[in-house]
file query_23.tsv (TSV, C-alpha atoms)
chain	number	residue	atom	x	y	z
A	299	MET	CA	24.02	31.82	17.27
A	300	ASN	CA	25.57	33.99	20.00
A	301	GLU	CA	24.28	37.35	21.22
A	302	LEU	CA	26.95	39.38	19.51
A	303	SER	CA	26.25	38.04	16.06
A	304	ILE	CA	22.52	38.62	16.44
A	305	ASP	CA	23.19	42.25	17.35
A	306	LYS	CA	25.39	42.52	14.32
A	307	LEU	CA	22.73	41.00	12.08
A	308	LYS	CA	20.16	43.37	13.53
A	309	SER	CA	22.22	46.46	12.91
A	310	ARG	CA	23.06	45.31	9.40
A	311	PHE	CA	19.35	44.73	8.82
A	312	GLN	CA	18.42	48.22	10.04
A	313	GLU	CA	21.19	49.68	7.88
A	314	LYS	CA	19.62	48.07	4.80
A	315	ILE	CA	16.23	49.47	5.76
A	316	ASP	CA	17.71	52.94	6.31
A	317	ASN	CA	19.32	52.78	2.87
A	318	ASP	CA	16.01	51.74	1.26
A	319	ILE	CA	17.29	48.31	0.31
A	320	LYS	CA	14.34	45.92	0.16
A	321	ILE	CA	14.19	42.84	2.32
A	322	GLU	CA	13.49	39.62	0.42
A	323	PRO	CA	12.12	36.30	1.75
A	324	ASN	CA	15.42	34.48	2.31
A	325	ASP	CA	17.23	37.45	3.83
A	326	TRP	CA	17.91	37.48	7.56
A	327	MET	CA	15.29	39.51	9.45
A	328	PRO	CA	14.48	40.00	13.15
A	329	ASP	CA	11.68	37.78	14.35
A	330	ASP	CA	9.56	40.81	15.39
A	331	TYR	CA	9.77	42.17	11.85
A	332	ARG	CA	8.65	38.83	10.45
A	333	GLN	CA	5.78	38.51	12.95
A	334	THR	CA	4.63	42.11	12.41
A	335	LEU	CA	4.51	41.55	8.66
A	336	ILE	CA	2.72	38.21	8.94
A	337	ARG	CA	0.11	39.85	11.16
A	338	GLN	CA	-0.33	42.87	8.89
A	339	ILE	CA	-0.29	41.01	5.56
A	340	SER	CA	-2.67	38.27	6.71
A	341	GLN	CA	-5.08	40.86	8.17
A	342	HIS	CA	-4.88	42.67	4.88
A	343	ALA	CA	-5.57	39.44	2.97
A	344	HIS	CA	-8.54	38.62	5.21
A	345	SER	CA	-9.91	42.12	4.61
A	346	GLU	CA	-9.82	41.57	0.85
A	347	ILE	CA	-11.60	38.23	1.17
A	348	VAL	CA	-14.23	39.31	3.72
A	349	GLY	CA	-14.55	42.53	1.70
A	350	MET	CA	-16.17	40.53	-1.09
A	351	LEU	CA	-19.21	39.80	1.06
A	352	PRO	CA	-20.91	43.21	1.46
A	353	GLU	CA	-20.66	43.80	-2.29
A	354	GLY	CA	-21.42	40.22	-3.27
A	355	ASN	CA	-24.75	40.87	-1.56
A	356	TRP	CA	-25.77	43.13	-4.47
A	357	ILE	CA	-24.46	41.31	-7.55
A	358	THR	CA	-27.79	39.62	-8.30
A	359	ARG	CA	-29.66	42.88	-7.73
A	360	ALA	CA	-27.51	45.31	-9.71
A	361	PRO	CA	-29.79	47.75	-11.57
A	362	ASN	CA	-28.55	46.82	-15.05
A	363	LEU	CA	-26.16	44.54	-16.90
A	364	ARG	CA	-23.35	47.11	-17.10
A	365	ARG	CA	-23.42	47.70	-13.34
A	366	LYS	CA	-23.57	43.97	-12.75
A	367	ALA	CA	-20.57	43.21	-14.98
A	368	VAL	CA	-18.57	45.98	-13.28
A	369	LEU	CA	-19.46	44.80	-9.77
A	370	LEU	CA	-18.58	41.20	-10.65
A	371	ALA	CA	-15.20	42.31	-11.99
A	372	LYS	CA	-14.55	44.35	-8.86
A	373	VAL	CA	-15.42	41.52	-6.49
A	374	GLN	CA	-13.25	39.15	-8.52
A	375	ASP	CA	-10.38	41.64	-8.15
A	376	GLU	CA	-10.81	41.56	-4.36
A	377	ALA	CA	-10.45	37.77	-4.45
A	378	GLY	CA	-7.28	38.20	-6.50
A	379	HIS	CA	-5.92	40.76	-4.02
A	380	GLY	CA	-6.55	38.33	-1.18
A	381	LEU	CA	-4.58	35.68	-3.06
A	382	TYR	CA	-1.61	37.98	-3.79
A	383	LEU	CA	-1.49	38.77	-0.10
A	384	TYR	CA	-1.81	35.21	1.21
A	385	SER	CA	1.13	34.28	-1.04
A	386	ALA	CA	3.12	37.23	0.29
A	387	ALA	CA	2.43	36.02	3.86
A	388	GLU	CA	3.56	32.53	2.87
A	389	THR	CA	6.96	33.87	1.78
A	390	LEU	CA	7.49	34.71	5.48
A	391	GLY	CA	6.78	31.15	6.53
A	392	ALA	CA	3.10	31.58	7.41
A	393	ASP	CA	1.10	28.42	6.75
A	394	ARG	CA	-1.81	29.25	4.45
A	395	GLU	CA	-4.33	26.87	6.04
A	396	GLU	CA	-3.49	28.07	9.54
A	397	THR	CA	-3.71	31.67	8.42
A	398	ILE	CA	-7.21	31.10	7.07
A	399	ASP	CA	-8.25	29.11	10.12
A	400	ASP	CA	-7.12	32.02	12.32
A	401	LEU	CA	-9.69	34.17	10.53
A	402	HIS	CA	-12.39	31.56	11.04
A	403	THR	CA	-11.73	31.13	14.74
A	404	GLY	CA	-11.72	34.87	15.30
A	405	LYS	CA	-8.05	34.92	16.27
A	406	ALA	CA	-7.13	37.11	13.29
A	407	LYS	CA	-8.72	40.48	12.54
A	408	TYR	CA	-9.80	42.15	9.33
A	409	SER	CA	-10.85	45.67	8.48
A	410	SER	CA	-13.87	46.65	10.61
A	411	ILE	CA	-15.54	48.43	7.72
A	412	PHE	CA	-16.75	45.09	6.35
A	413	ASN	CA	-18.83	44.46	9.44
A	414	TYR	CA	-21.35	47.07	8.33
A	415	PRO	CA	-24.35	45.93	6.27
A	416	THR	CA	-25.06	47.00	2.68
A	417	LEU	CA	-28.69	48.07	2.82
A	418	THR	CA	-29.27	49.72	-0.56
A	419	TRP	CA	-27.72	49.84	-4.03
A	420	ALA	CA	-26.22	53.23	-3.13
A	421	ASP	CA	-23.99	51.40	-0.66
A	422	MET	CA	-22.13	49.94	-3.67
A	423	GLY	CA	-21.37	53.52	-4.64
A	424	ALA	CA	-20.35	54.55	-1.13
A	425	ILE	CA	-18.09	51.51	-0.72
A	426	GLY	CA	-16.29	51.99	-4.03
A	427	TRP	CA	-15.86	55.72	-3.53
A	428	LEU	CA	-15.09	55.87	0.21
A	429	VAL	CA	-13.90	52.43	1.28
A	430	ASP	CA	-11.76	51.78	-1.78
A	431	GLY	CA	-10.72	55.43	-1.69
A	432	ALA	CA	-9.50	55.02	1.90
A	433	ALA	CA	-7.88	51.69	1.04
A	434	ILE	CA	-5.95	53.37	-1.79
A	435	MET	CA	-4.69	56.08	0.62
A	436	ASN	CA	-3.42	53.30	2.87
A	437	GLN	CA	-1.99	51.14	0.11
A	438	VAL	CA	-0.14	53.65	-2.05
A	439	PRO	CA	2.57	54.18	0.60
A	440	LEU	CA	2.73	50.41	1.10
A	441	CYS	CA	4.03	50.10	-2.47
A	442	ARG	CA	7.30	51.42	-0.97
A	443	CYS	CA	7.20	49.07	2.02
A	444	SER	CA	10.57	47.58	2.98
A	445	TYR	CA	9.43	43.98	2.42
A	446	GLY	CA	9.74	43.16	-1.30
A	447	PRO	CA	6.88	40.68	-1.81
A	448	TYR	CA	4.40	42.89	0.09
A	449	ALA	CA	5.46	46.00	-1.83
A	450	ARG	CA	5.14	44.18	-5.18
A	451	ALA	CA	1.69	42.85	-4.30
A	452	MET	CA	0.64	46.40	-3.37
A	453	VAL	CA	1.79	47.76	-6.73
A	454	ARG	CA	-0.54	45.34	-8.49
A	455	VAL	CA	-3.37	45.99	-6.04
A	456	CYS	CA	-3.14	49.78	-6.41
A	457	LYS	CA	-3.18	49.55	-10.20
A	458	GLU	CA	-6.43	47.62	-9.98
A	459	GLU	CA	-8.09	49.62	-7.20
A	460	SER	CA	-8.31	52.86	-9.12
A	461	PHE	CA	-11.15	51.48	-11.25
A	462	HIS	CA	-12.89	50.36	-8.05
A	463	GLN	CA	-13.01	53.87	-6.70
A	464	ARG	CA	-14.12	55.39	-10.01
A	465	GLN	CA	-16.98	52.93	-10.48
A	466	GLY	CA	-18.18	53.73	-6.95
A	467	PHE	CA	-18.04	57.46	-7.53
A	468	GLU	CA	-19.90	56.99	-10.81
A	469	ILE	CA	-22.72	55.19	-8.99
A	470	MET	CA	-22.90	57.94	-6.35
A	471	SER	CA	-22.78	60.71	-8.90
A	472	THR	CA	-25.53	59.08	-11.03
A	473	LEU	CA	-27.79	58.69	-8.00
A	474	ALA	CA	-27.01	62.18	-6.68
A	475	ASN	CA	-28.05	63.63	-10.05
A	476	GLY	CA	-31.15	61.44	-10.29
A	477	SER	CA	-34.62	61.70	-8.76
A	478	PRO	CA	-35.04	63.14	-5.24
A	479	GLU	CA	-35.45	59.57	-3.93
A	480	GLN	CA	-32.21	58.48	-5.61
A	481	LYS	CA	-30.36	61.48	-4.24
A	482	ALA	CA	-31.69	60.75	-0.75
A	483	MET	CA	-30.48	57.17	-1.10
A	484	ALA	CA	-26.98	58.36	-2.03
A	485	GLN	CA	-26.93	60.79	0.91
A	486	ASP	CA	-28.07	58.04	3.27
A	487	ALA	CA	-25.26	55.75	2.09
A	488	LEU	CA	-22.73	58.54	2.58
A	489	ASN	CA	-24.14	59.20	6.07
A	490	ARG	CA	-23.68	55.57	7.07
A	491	PHE	CA	-20.26	54.96	5.49
A	492	TRP	CA	-18.48	58.26	6.16
A	493	TRP	CA	-17.46	57.66	9.77
A	494	PRO	CA	-16.60	53.96	9.41
A	495	ALA	CA	-14.44	54.97	6.39
A	496	LEU	CA	-12.52	57.45	8.57
A	497	MET	CA	-12.02	54.72	11.16
A	498	MET	CA	-10.38	52.52	8.50
A	499	PHE	CA	-7.14	54.44	9.06
A	500	GLY	CA	-6.99	53.08	12.59
A	501	PRO	CA	-6.76	54.75	15.99
A	502	ASN	CA	-5.28	58.21	16.52
A	503	ASP	CA	-1.49	58.28	16.40
A	504	ALA	CA	-1.23	58.60	20.17
A	505	GLU	CA	-3.20	55.36	20.58
A	506	SER	CA	-1.58	53.38	17.77
A	507	LYS	CA	0.78	50.94	19.44
A	508	HIS	CA	2.45	49.55	16.30
A	509	THR	CA	3.04	52.77	14.37
A	510	GLU	CA	6.41	53.82	15.74
A	511	GLN	CA	8.21	50.51	15.23
A	512	SER	CA	6.55	49.95	11.84
A	513	MET	CA	7.76	53.33	10.65
A	514	ARG	CA	11.28	52.60	11.80
A	515	TRP	CA	11.14	49.40	9.75
A	516	LYS	CA	9.58	51.28	6.83
A	517	ILE	CA	6.65	48.90	6.77
A	518	LYS	CA	4.55	51.97	7.32
A	519	ARG	CA	5.46	55.31	5.75
A	520	ASN	CA	2.76	57.61	7.16
A	521	THR	CA	0.87	57.76	10.43
A	522	ASN	CA	-2.85	56.94	10.69
A	523	ASP	CA	-3.78	60.58	11.28
A	524	GLU	CA	-1.75	61.81	8.30
A	525	LEU	CA	-3.46	59.37	5.95
A	526	ARG	CA	-6.90	60.13	7.40
A	527	GLN	CA	-6.34	63.83	6.82
A	528	GLN	CA	-5.23	63.24	3.23
A	529	PHE	CA	-8.36	61.20	2.60
A	530	ILE	CA	-10.65	63.86	4.04
A	531	ASP	CA	-8.97	66.63	2.09
A	532	VAL	CA	-9.48	64.91	-1.26
A	533	THR	CA	-12.96	63.54	-0.54
A	534	VAL	CA	-14.77	66.59	0.83
A	535	PRO	CA	-14.58	68.54	-2.47
A	536	GLN	CA	-15.70	65.41	-4.37
A	537	ALA	CA	-18.85	65.23	-2.24
A	538	ALA	CA	-19.53	68.91	-2.84
A	539	MET	CA	-19.11	68.39	-6.58
A	540	ILE	CA	-22.00	65.91	-6.70
A	541	GLY	CA	-24.14	67.87	-4.25
A	542	LEU	CA	-23.85	65.56	-1.25
A	543	THR	CA	-23.22	66.68	2.33
A	544	ILE	CA	-20.50	65.23	4.57
A	545	PRO	CA	-22.33	64.15	7.76
A	546	ASP	CA	-20.07	66.10	10.13
A	547	LYS	CA	-21.58	69.29	11.52
A	548	ASP	CA	-18.32	70.18	13.28
A	549	MET	CA	-16.16	70.01	10.15
A	550	GLN	CA	-14.15	73.19	9.56
A	551	PHE	CA	-11.87	74.34	6.79
A	552	ASN	CA	-8.51	75.57	8.01
A	553	GLU	CA	-7.49	78.32	5.59
A	554	ASP	CA	-3.86	78.33	6.71
A	555	THR	CA	-3.18	74.65	6.18
A	556	GLY	CA	-5.83	73.94	3.53
A	557	ASN	CA	-7.11	71.03	5.62
A	558	TYR	CA	-10.67	70.09	6.50
A	559	ILE	CA	-10.71	69.45	10.26
A	560	HIS	CA	-13.17	66.72	11.19
A	561	GLY	CA	-15.32	66.52	14.31
A	562	PRO	CA	-14.85	63.87	17.00
A	563	ILE	CA	-14.74	60.23	15.85
A	564	ASN	CA	-16.74	57.72	17.88
A	565	TRP	CA	-13.87	55.46	18.93
A	566	ASP	CA	-16.11	53.47	21.27
A	567	GLU	CA	-17.99	52.27	18.21
A	568	PHE	CA	-14.69	51.43	16.49
A	569	TRP	CA	-13.45	49.29	19.38
A	570	GLU	CA	-16.81	47.57	19.75
A	571	VAL	CA	-16.71	46.51	16.09
A	572	VAL	CA	-13.06	45.46	16.40
A	573	LYS	CA	-14.01	43.33	19.40
A	574	GLY	CA	-16.59	41.51	17.32
A	575	ASN	CA	-19.77	43.38	18.24
A	576	GLY	CA	-20.43	45.15	14.94
A	577	PRO	CA	-23.69	44.60	13.05
A	578	CYS	CA	-22.31	41.83	10.78
A	579	ASN	CA	-19.20	40.33	12.45
A	580	LYS	CA	-20.77	36.99	13.18
A	581	ASP	CA	-22.44	36.68	9.80
A	582	ARG	CA	-19.24	37.46	7.88
A	583	ILE	CA	-17.25	34.76	9.67
A	584	ASP	CA	-20.08	32.23	9.40
A	585	VAL	CA	-20.20	32.75	5.64
A	586	ARG	CA	-16.42	32.32	5.30
A	587	ARG	CA	-16.42	29.20	7.46
A	588	ARG	CA	-19.26	27.65	5.48
A	589	ALA	CA	-17.49	28.47	2.21
A	590	LYS	CA	-14.44	26.56	3.42
A	591	GLU	CA	-16.41	23.58	4.71
A	592	ASN	CA	-18.65	23.34	1.66
A	593	GLY	CA	-15.64	23.52	-0.65
A	594	GLU	CA	-13.81	20.72	1.11
A	595	TRP	CA	-15.01	18.00	-1.30
A	596	VAL	CA	-13.92	20.08	-4.29
A	597	ARG	CA	-10.41	20.46	-2.92
A	598	GLU	CA	-10.26	16.75	-2.15
A	599	ALA	CA	-11.52	15.82	-5.61
A	600	ALA	CA	-8.89	18.06	-7.22
A	601	ASN	CA	-6.21	16.32	-5.16
A	602	ALA	CA	-7.51	12.88	-6.11
A	603	TYR	CA	-7.59	13.85	-9.79
A	604	ALA	CA	-4.05	15.24	-9.64
A	605	GLU	CA	-2.83	12.01	-8.01
A	606	LYS	CA	-4.56	9.86	-10.61
A	607	ARG	CA	-3.00	11.82	-13.46
A	608	ALA	CA	0.42	11.64	-11.83
A	609	ARG	CA	0.09	7.84	-11.48
A	610	ARG	CA	-0.90	7.43	-15.15
A	611	LYS	CA	2.01	9.54	-16.24
A	612	SER	CA	4.51	7.45	-14.28
A	613	ALA	CA	2.96	4.09	-15.34
B	18	MET	CA	-6.73	20.22	9.79
B	19	SER	CA	-4.43	17.52	8.49
B	20	LYS	CA	-5.93	17.43	4.98
B	21	LYS	CA	-3.36	17.54	2.20
B	22	GLU	CA	-2.76	21.13	1.10
B	23	TRP	CA	-2.45	21.93	-2.58
B	24	PRO	CA	1.20	22.54	-3.44
B	25	LEU	CA	2.63	26.02	-3.96
B	26	TRP	CA	3.60	27.12	-7.50
B	27	GLU	CA	5.75	30.00	-8.71
B	28	VAL	CA	4.21	31.84	-11.65
B	29	PHE	CA	6.13	33.37	-14.58
B	30	ILE	CA	4.43	35.49	-17.24
B	31	ARG	CA	5.59	36.58	-20.70
B	32	SER	CA	3.89	39.95	-21.12
B	33	LYS	CA	4.36	40.07	-24.90
B	34	ALA	CA	6.21	38.28	-27.68
B	35	GLY	CA	9.89	39.13	-27.60
B	36	LEU	CA	10.15	39.50	-23.82
B	37	ASN	CA	11.29	37.03	-21.16
B	38	HIS	CA	8.95	35.25	-18.82
B	39	LYS	CA	9.12	37.15	-15.55
B	40	HIS	CA	8.31	36.00	-12.02
B	41	VAL	CA	5.06	37.59	-10.82
B	42	GLY	CA	4.16	35.69	-7.65
B	43	SER	CA	2.87	32.37	-6.45
B	44	LEU	CA	-0.36	30.48	-5.88
B	45	ARG	CA	-1.71	27.13	-4.76
B	46	ALA	CA	-3.13	24.49	-7.11
B	47	ALA	CA	-3.61	20.72	-7.11
B	48	ASP	CA	-1.52	20.18	-10.25
B	49	ALA	CA	0.35	22.04	-12.99
B	50	LYS	CA	-2.64	22.31	-15.30
B	51	MET	CA	-4.77	23.85	-12.57
B	52	ALA	CA	-1.89	26.15	-11.64
B	53	VAL	CA	-1.88	27.57	-15.19
B	54	VAL	CA	-5.63	28.16	-15.13
B	55	ASN	CA	-5.46	29.78	-11.68
B	56	ALA	CA	-2.51	31.90	-12.77
B	57	ARG	CA	-4.61	33.12	-15.71
B	58	ASP	CA	-7.32	34.27	-13.27
B	59	VAL	CA	-5.05	35.64	-10.57
B	60	TYR	CA	-2.27	37.30	-12.55
B	61	THR	CA	-3.62	38.17	-16.02
B	62	ARG	CA	-7.07	39.71	-15.52
B	63	ARG	CA	-5.97	42.79	-17.46
B	64	SER	CA	-4.12	41.33	-20.43
B	65	GLU	CA	-0.81	41.18	-18.57
B	66	GLY	CA	0.40	38.15	-20.46
B	67	ILE	CA	0.41	35.91	-23.51
B	68	SER	CA	2.20	32.94	-21.97
B	69	ILE	CA	2.43	31.38	-18.50
B	70	TRP	CA	5.02	29.12	-16.90
B	71	VAL	CA	4.42	27.48	-13.54
B	72	VAL	CA	7.08	25.71	-11.45
B	73	GLU	CA	6.47	23.99	-8.17
B	74	SER	CA	8.08	26.15	-5.50
B	75	LYS	CA	9.88	23.21	-3.91
B	76	ASP	CA	11.75	22.64	-7.21
B	77	VAL	CA	13.34	26.09	-7.16
B	78	TYR	CA	16.91	25.95	-5.90
B	79	ALA	CA	18.03	29.42	-4.91
B	80	SER	CA	21.39	30.97	-4.05
B	81	ASP	CA	21.83	31.77	-0.38
B	82	PRO	CA	21.60	35.51	0.36
B	83	SER	CA	24.35	35.21	2.97
B	84	ASP	CA	26.71	33.97	0.22
B	85	ALA	CA	25.90	36.93	-1.99
B	86	ASP	CA	29.16	38.77	-1.24
B	87	SER	CA	31.47	35.94	-2.21
B	88	LEU	CA	29.23	34.78	-5.04
B	89	PHE	CA	29.05	38.11	-6.83
B	90	GLU	CA	32.29	39.82	-5.78
B	91	PRO	CA	34.31	38.42	-8.71
B	92	ALA	CA	32.10	40.39	-11.12
B	93	ASP	CA	32.45	43.62	-9.12
B	94	SER	CA	36.23	43.65	-9.34
B	95	LYS	CA	36.45	43.18	-13.12
B	96	ILE	CA	35.76	46.71	-14.18
B	97	TYR	CA	37.55	46.12	-17.50
B	98	ARG	CA	34.46	44.18	-18.61
B	99	HIS	CA	32.66	47.48	-19.03
B	100	PRO	CA	33.21	49.79	-22.01
B	101	THR	CA	33.61	52.78	-19.68
B	102	PHE	CA	36.96	51.31	-18.51
B	103	TYR	CA	38.61	52.28	-21.78
B	104	ASP	CA	39.75	55.69	-22.98
B	105	VAL	CA	38.63	56.44	-26.50
B	106	PRO	CA	40.71	59.24	-28.05
B	107	ASP	CA	38.89	62.38	-29.21
B	108	GLY	CA	37.89	62.20	-32.84
B	109	ILE	CA	37.12	58.47	-32.80
B	110	SER	CA	33.43	57.80	-33.36
B	111	HIS	CA	31.17	54.75	-33.87
B	112	MET	CA	32.90	52.88	-31.05
call {"tool": "encode", "arguments": {"input": "query_23.tsv", "output": "structure tokens"}}
result
Amino acid sequence: MNELSIDKLKSRFQEKIDNDIKIEPNDWMPDDYRQTLIRQISQHAHSEIVGMLPEGNWITRAPNLRRKAVLLAKVQDEAGHGLYLYSAAETLGADREETIDDLHTGKAKYSSIFNYPTLTWADMGAIGWLVDGAAIMNQVPLCRCSYGPYARAMVRVCKEESFHQRQGFEIMSTLANGSPEQKAMAQDALNRFWWPALMMFGPNDAESKHTEQSMRWKIKRNTNDELRQQFIDVTVPQAAMIGLTIPDKDMQFNEDTGNYIHGPINWDEFWEVVKGNGPCNKDRIDVRRRAKENGEWVREAANAYAEKRARRKSA
Amino acid sequence: MSKKEWPLWEVFIRSKAGLNHKHVGSLRAADAKMAVVNARDVYTRRSEGISIWVVESKDVYASDPSDADSLFEPADSKIYRHPTFYDVPDGISHM
């Protein structure tokens, strides 16, 4: 294909984006757009899958059967979300096995929040309320993303996530209204997850290298700082409602804008965790790798069984 | 990793009696039977369906998006196929 026609294809592509026409798998798209989406969707998928681990840690120790059933359902949803997203990445030509191996070799990233440990039952509350709450803030605009399969997967994910956040808030609210020890446990979980939850939105806009291009392609609809602010503004009153304190002594309410202005975020910590030096990075990847290796014989057996059945059918 | 990957399947769900099966996404499974069971777990955890079809993705033959103009143009130009093309005189009803 000559230069001229590629330019023409590119401008036609951008015109579709500008007119809010979705891009579908077989449509022509610039290679950068494809690569950006593969990177983002596979990271998102990995986050869903690795995200099962901190919560899976508490399934056997849930305080009662209701909480246990709810937590199981939530973790199963996360697995489902990972699968929606891996399929969406495959529509762009990403090889599923390679995508998963990239996670296991450390080549691909996932959300840093899952590299923090879950030390008490209250962490199940904090994760549902804050981590799923932040994820929803990020994902709602992605329902309007320019790439059709990603947008459709996000619609399903968002529908399912709202129960995740509510069950987390319910846990926090129950603990916060319980004994002094239970309330202290809830406050401790909030103290540990608040800042990592704010970091989930990514670096400040000035530092975010992908934002500008992603917004032009309508992969992203809001900047990191906009979404972070939205999250803070809805969450601060929720904490007050259940009598918990946001662990930010510098936080101020701006009467003119109606925004809660947060204190400085420890970006050094963020980058350390991104680089692999968080409290649980190594453990998370080890668990995923072992899961794949230990499941190898099951996948092989399923293949052998499918082949045997196919042979019988043709005989 | 040269192990044989499970094939990719396209999943179609009928949400309730009287409606068409509709494409909802795809998944990997060793065979059709397993694809149906996986589709149940992945796509119908909240009573989204009463019936599932699975088709191996490689068996789907699709129209080429770059042919869309010539493929669908004949329909665009035949505006007389739509009721709004016709003038119905005042006073005529039930038409």
call {"tool": "interface_residues", "arguments": {"input": "query_23.tsv", "of": "chain A", "to": "chain B", "cutoff": "7 Å", "atoms": "all atoms listed in the file", "output": "list in words"}}
result
Asn324, Asp325, Gly378, Ser385, Ala600, Asn601 and Ala604 of chain A
call {"tool": "residues_around", "arguments": {"input": "query_23.tsv", "residues": "Gly66 (chain B)", "least_positions_apart": "4", "cutoff": "7 Å", "atoms": "only C-alpha atoms", "output": "NGL selection string"}}
result
:B and (30-33 or 61)
call {"tool": "atom_distance", "arguments": {"input": "query_23.tsv", "atom1": "CA of Tyr384 (chain A)", "atom2": "CA of Ile339 (chain A)"}}
result
7.4 Å
call {"tool": "axis_aligned_box", "arguments": {"input": "query_23.tsv", "around": "region 450-465 of chain A", "padding_each_side": "5 Å", "output": "lines of an AutoDock Vina configuration file"}}
result
center_x = -5.9
center_y = 49.1
center_z = -7.3
size_x = 32.1
size_y = 22.5
size_z = 17.9
call {"tool": "atom_distance", "arguments": {"input": "query_23.tsv", "atom1": "CA of Ile540 (chain A)", "atom2": "CA of Ser345 (chain A)"}}
result
29.0 Å
